[in-house]
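These notes are about the structure you will find just below.
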Amino acid sequence: KNQVEQSPQSLIILEGKNCTLQCNYTVSPFSNLRWYKQDTGRGPVSLTIMTFSENTKSNGRYTATLDADTKQSSLHITASQLSDSASYICVVSDRGSTLGRLYFGRGTQLTVWP
Amino acid sequence: NAGVTQTPKFRILKIGQSMTLQCTQDMNHNYMYWYRQDPGMGLKLIYYSVGAGITDKGEVPNGYNVSRSTTEDFPLRLELAAPSQTSVYFCASSYSNVDYYGYTFGSGTRLTVV
């Protein structure tokens, strides 16, 4: 069964600290993996995307890694800011259909305290 | 460039009532999608469309209907609202079925059925 599991479910850190969010997936055949940021009351916004051949991708203070062999990804946030408080969603696409179905994780709720 | 616009932002329905959630995009995207997001859960695909006049069921289509008469608009219809349809609904669009270009999400419609 194709699934995307994220951990932790929630995380609280102090402003300026770093953190790492985890994503494990069983989606096959794999197409790509994307991390989204979803602010409260808003739609998800894409942060990074990685295909099978990519193992790291950065977007400012966000760095995503992908290990396609172990089917694991992580999102590392450096020097956190209050505006980083949001839900971070891991989304994996498959190649199994013409649509390229997306599988969404439940998200990690990050809270950054001053 | 407004992106994906959803209306209304909030709505309370009584059991058995009907309503239409509106979604419009100004990016000339062929692909459009409707997702629902239940508390603590990943997004689930309700319906999608690959172009004007073409729609298809997603993972959780029961209780919903869609139409796609134009490239820009993709309304979602609830005919007989049920408490199980209480959720946040997101409309999204994409350039192609290759997810590399990413989805653009609307800001969501929060629906409560009482």
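A note on labels: chains of the structure tokens are A, B, ... as shown, every chain counts residues from 1, and ligands are counted from 1 in their shown order.
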
Produce a table with one row for each residue of chain B that has an atom at most 7 Å from any atom of chain A, each row naming the nearest atom pair and its distance in Å at one decimal; use only C-alpha atoms; arrange rows by chain and rising residue number; format as a Markdown table.
| residue | atom | partner | partner_atom | distance |
| --- | --- | --- | --- | --- |
| B:Gly40 | CA | A:Arg106 | CA | 6.1 |
| B:Met41 | CA | A:Arg106 | CA | 4.8 |
| B:Gly42 | CA | A:Arg106 | CA | 4.2 |
| B:Leu43 | CA | A:Phe104 | CA | 5.8 |
| B:Phe90 | CA | A:Gly43 | CA | 6.9 |
| B:Asn97 | CA | A:Leu99 | CA | 5.3 |
| B:Val98 | CA | A:Gly100 | CA | 6.7 |
| B:Phe105 | CA | A:Gly43 | CA | 5.3 |
| B:Gly106 | CA | A:Gly43 | CA | 5.5 |
| B:Ser107 | CA | A:Arg42 | CA | 4.4 |
| B:Gly108 | CA | A:Gly43 | CA | 6.1 |

Keeping only all heavy atoms, write the selected residues to a file as a CSV table (one decimal), in the first residue's frame.
chain,number,residue,atom,x,y,z
B,40,GLY,N,-5.8,16.7,11.0
B,40,GLY,CA,-4.7,15.7,11.3
B,40,GLY,C,-4.5,14.6,10.2
B,40,GLY,O,-3.8,13.7,10.5
B,41,MET,N,-5.1,14.9,9.1
B,41,MET,CA,-5.0,13.9,8.0
B,41,MET,C,-4.4,14.5,6.8
B,41,MET,O,-4.4,15.8,6.6
B,41,MET,CB,-6.4,13.3,7.6
B,41,MET,CG,-7.1,12.7,8.8
B,41,MET,SD,-6.3,11.2,9.4
B,41,MET,CE,-6.6,10.1,8.0
B,42,GLY,N,-3.8,13.7,5.9
B,42,GLY,CA,-3.3,14.2,4.6
B,42,GLY,C,-4.4,14.6,3.7
B,42,GLY,O,-5.6,14.1,3.8
B,43,LEU,N,-4.1,15.4,2.7
B,43,LEU,CA,-5.1,15.7,1.7
B,43,LEU,C,-5.5,14.5,0.9
B,43,LEU,O,-4.7,13.7,0.5
B,43,LEU,CB,-4.5,16.8,0.7
B,43,LEU,CG,-4.6,18.2,1.2
B,43,LEU,CD1,-3.6,18.5,2.3
B,43,LEU,CD2,-4.4,19.2,0.0
B,90,PHE,N,-9.7,22.2,-0.7
B,90,PHE,CA,-8.7,22.9,-1.4
B,90,PHE,C,-8.8,22.6,-2.9
B,90,PHE,O,-8.9,21.5,-3.3
B,90,PHE,CB,-7.2,22.6,-1.0
B,90,PHE,CG,-6.9,23.1,0.4
B,90,PHE,CD1,-7.0,22.3,1.5
B,90,PHE,CD2,-6.5,24.5,0.5
B,90,PHE,CE1,-6.6,22.8,2.7
B,90,PHE,CE2,-6.2,25.0,1.7
B,90,PHE,CZ,-6.3,24.2,2.9
B,97,ASN,N,0.6,17.1,-16.1
B,97,ASN,CA,0.5,16.0,-15.2
B,97,ASN,C,1.8,15.6,-14.7
B,97,ASN,O,1.9,14.7,-13.8
B,97,ASN,CB,-0.2,14.8,-15.9
B,97,ASN,CG,0.7,14.3,-17.0
B,97,ASN,OD1,1.3,15.0,-17.7
B,97,ASN,ND2,0.6,13.0,-17.2
B,98,VAL,N,2.9,16.2,-15.2
B,98,VAL,CA,4.2,15.9,-14.6
B,98,VAL,C,4.3,16.9,-13.4
B,98,VAL,O,4.5,18.1,-13.6
B,98,VAL,CB,5.3,16.2,-15.7
B,98,VAL,CG1,6.7,16.0,-15.0
B,98,VAL,CG2,5.1,15.3,-16.9
B,105,PHE,N,-2.1,25.9,-5.1
B,105,PHE,CA,-3.3,25.7,-4.3
B,105,PHE,C,-4.0,27.0,-4.0
B,105,PHE,O,-3.4,28.0,-3.8
B,105,PHE,CB,-2.9,25.0,-2.9
B,105,PHE,CG,-2.6,23.6,-3.0
B,105,PHE,CD1,-1.3,23.2,-3.3
B,105,PHE,CD2,-3.6,22.6,-2.8
B,105,PHE,CE1,-1.0,21.8,-3.4
B,105,PHE,CE2,-3.3,21.2,-2.9
B,105,PHE,CZ,-2.0,20.9,-3.2
B,106,GLY,N,-5.3,26.9,-3.9
B,106,GLY,CA,-6.1,28.0,-3.4
B,106,GLY,C,-6.0,28.1,-1.9
B,106,GLY,O,-5.4,27.2,-1.2
B,107,SER,N,-6.6,29.1,-1.3
B,107,SER,CA,-6.5,29.3,0.2
B,107,SER,C,-7.5,28.4,1.0
B,107,SER,O,-7.5,28.4,2.2
B,107,SER,CB,-6.6,30.7,0.5
B,107,SER,OG,-7.9,31.2,0.1
B,108,GLY,N,-8.4,27.7,0.3
B,108,GLY,CA,-9.3,26.8,1.0
B,108,GLY,C,-10.7,27.3,1.3
B,108,GLY,O,-10.9,28.5,1.4

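Around Thr20 (chain B), within 12 Å and counting only C-alpha atoms, the residues found are B:Gln6, B:Thr7, B:Pro8, B:Arg11, B:Leu13, B:Tyr64, B:Asn65, B:Val66, B:Ser67, B:Phe74, B:Pro75, B:Leu76, B:Arg77, B:Leu78, B:Glu79, B:Leu80, B:Ala81, B:Tyr89, B:Thr109, B:Leu111, once anything fewer than 4 positions away on its own chain is removed.
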
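For Tyr47 (chain B), the non-local neighbours within 8 Å, defined as residues at least 4 positions apart in the same chain or in other chains and counting only C-alpha atoms, are Tyr33, Trp34, Tyr35, Thr55, Asp56, Lys57, Gly58, Glu59, Val60, Pro61, Asn65 and Val66 of chain B.
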
Okay, now the selection with C-alpha atoms, as a PDB file, in the first residue's frame?
ATOM      1  CA  TYR B  33      -8.037  19.261  -8.666  1.00  0.00           C
ATOM      2  CA  TRP B  34     -10.254  19.232  -5.622  1.00  0.00           C
ATOM      3  CA  TYR B  35      -8.888  17.963  -2.316  1.00  0.00           C
ATOM      4  CA  THR B  55     -13.331  15.164 -15.356  1.00  0.00           C
ATOM      5  CA  ASP B  56     -12.616  12.020 -13.380  1.00  0.00           C
ATOM      6  CA  LYS B  57     -13.007  10.639  -9.896  1.00  0.00           C
ATOM      7  CA  GLY B  58     -10.260  10.725  -7.341  1.00  0.00           C
ATOM      8  CA  GLU B  59      -9.887   8.807  -4.109  1.00  0.00           C
ATOM      9  CA  VAL B  60     -13.021  10.056  -2.261  1.00  0.00           C
ATOM     10  CA  PRO B  61     -15.637  11.175  -4.849  1.00  0.00           C
ATOM     11  CA  ASN B  65     -19.930  16.282  -8.379  1.00  0.00           C
ATOM     12  CA  VAL B  66     -17.833  18.503 -10.611  1.00  0.00           C
TER      13      VAL B  66
END

Shell of 12 Å around region 10-15 of chain A, only C-alpha atoms, local chain residues under 2 positions omitted, as a tab-separated table (two decimals) with C-alpha atoms, in the first residue's frame:
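Writing the result to around_18.tsv gives the following:
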chain	number	residue	atom	x	y	z
A	6	GLN	CA	5.92	11.93	8.65
A	7	SER	CA	7.55	12.46	12.02
A	8	PRO	CA	7.35	14.04	14.43
A	17	LYS	CA	17.46	26.99	16.44
A	18	ASN	CA	17.67	24.35	13.73
A	19	CYS	CA	15.35	21.40	13.24
A	20	THR	CA	14.88	18.38	11.00
A	21	LEU	CA	11.61	16.86	9.87
A	22	GLN	CA	11.36	13.28	8.60
A	77	ILE	CA	15.40	24.24	8.66
A	78	THR	CA	18.29	26.39	9.80
A	79	ALA	CA	18.16	29.49	12.00
A	80	SER	CA	14.42	29.20	12.48
A	81	GLN	CA	12.21	32.27	12.43
A	82	LEU	CA	8.76	32.91	13.88
A	83	SER	CA	7.38	32.86	10.33
A	84	ASP	CA	8.48	29.23	9.99
A	85	SER	CA	5.59	28.23	12.27
A	86	ALA	CA	3.43	26.14	9.96
A	87	SER	CA	2.58	22.61	8.91
A	88	TYR	CA	5.17	20.96	6.66
A	89	ILE	CA	3.79	18.35	4.33
A	106	ARG	CA	-0.27	14.16	7.48
A	107	GLY	CA	2.25	16.90	8.07
A	108	THR	CA	4.50	18.02	10.91
A	109	GLN	CA	3.19	21.00	12.84
A	110	LEU	CA	6.16	23.23	13.66
A	111	THR	CA	5.87	25.99	16.23
A	112	VAL	CA	8.70	28.47	16.66
A	113	TRP	CA	8.74	30.33	19.98
A	114	PRO	CA	10.50	33.65	20.55
B	40	GLY	CA	-4.74	15.67	11.33

Using only C-alpha atoms, which residues sit within 6 Å of Ser49 (chain B) once same-chain residues fewer than 4 positions away are excluded, as a PyMOL selection string?
chain B and resi 31-32+54-55

Generate a file of the selected residues that holds all heavy atoms, formatted as a PDB file, in the first residue's frame.
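Result saved to again.pdb:
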ATOM      1  N   TYR B  31      -4.744  21.298 -15.868  1.00  0.00           N
ATOM      2  CA  TYR B  31      -5.085  20.356 -14.818  1.00  0.00           C
ATOM      3  C   TYR B  31      -5.615  21.084 -13.584  1.00  0.00           C
ATOM      4  O   TYR B  31      -4.995  22.027 -13.103  1.00  0.00           O
ATOM      5  CB  TYR B  31      -3.860  19.517 -14.430  1.00  0.00           C
ATOM      6  CG  TYR B  31      -3.416  18.573 -15.514  1.00  0.00           C
ATOM      7  CD1 TYR B  31      -2.744  19.035 -16.636  1.00  0.00           C
ATOM      8  CD2 TYR B  31      -3.680  17.209 -15.428  1.00  0.00           C
ATOM      9  CE1 TYR B  31      -2.354  18.174 -17.640  1.00  0.00           C
ATOM     10  CE2 TYR B  31      -3.285  16.344 -16.417  1.00  0.00           C
ATOM     11  CZ  TYR B  31      -2.626  16.830 -17.529  1.00  0.00           C
ATOM     12  OH  TYR B  31      -2.238  15.970 -18.513  1.00  0.00           O
ATOM     13  N   MET B  32      -6.749  20.612 -13.098  1.00  0.00           N
ATOM     14  CA  MET B  32      -7.318  21.166 -11.869  1.00  0.00           C
ATOM     15  C   MET B  32      -7.804  20.035 -10.972  1.00  0.00           C
ATOM     16  O   MET B  32      -8.168  18.961 -11.455  1.00  0.00           O
ATOM     17  CB  MET B  32      -8.464  22.134 -12.181  1.00  0.00           C
ATOM     18  CG  MET B  32      -7.995  23.372 -12.949  1.00  0.00           C
ATOM     19  SD  MET B  32      -9.259  24.640 -13.119  1.00  0.00           S
ATOM     20  CE  MET B  32      -9.306  25.315 -11.443  1.00  0.00           C
ATOM     21  N   ILE B  54     -13.477  17.512 -19.414  1.00  0.00           N
ATOM     22  CA  ILE B  54     -12.969  16.199 -18.985  1.00  0.00           C
ATOM     23  C   ILE B  54     -12.767  16.197 -17.479  1.00  0.00           C
ATOM     24  O   ILE B  54     -12.012  17.005 -16.939  1.00  0.00           O
ATOM     25  CB  ILE B  54     -11.627  15.872 -19.663  1.00  0.00           C
ATOM     26  CG1 ILE B  54     -11.739  15.998 -21.179  1.00  0.00           C
ATOM     27  CG2 ILE B  54     -11.168  14.463 -19.271  1.00  0.00           C
ATOM     28  CD1 ILE B  54     -10.413  15.916 -21.892  1.00  0.00           C
ATOM     29  N   THR B  55     -13.495  15.299 -16.799  1.00  0.00           N
ATOM     30  CA  THR B  55     -13.331  15.164 -15.356  1.00  0.00           C
ATOM     31  C   THR B  55     -13.259  13.686 -14.995  1.00  0.00           C
ATOM     32  O   THR B  55     -13.719  12.825 -15.761  1.00  0.00           O
ATOM     33  CB  THR B  55     -14.496  15.804 -14.577  1.00  0.00           C
ATOM     34  OG1 THR B  55     -15.712  15.126 -14.906  1.00  0.00           O
ATOM     35  CG2 THR B  55     -14.632  17.278 -14.920  1.00  0.00           C
TER      36      THR B  55
END

DSSP says helix (DSSP H, G or I) for which residues of region 79-109 of chain B? Put them as a list in words?
Pro83, Ser84, Gln85, Asp99, Tyr100 and Tyr101 of chain B

Suppose you want the space between CA of Val113 (chain B) and CA of Leu45 (chain B); what is it in Å?
19.7 Å

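Among the candidates B:Thr86, B:Gly51, B:Arg68, B:Ala92, the residue lying nearest to Thr104 (chain B) is B:Ala92 (atoms considered: only C-alpha atoms).
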
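Between CA of Phe30 (chain A) and CA of Phe52 (chain A) there is a distance of 7.3 Å.
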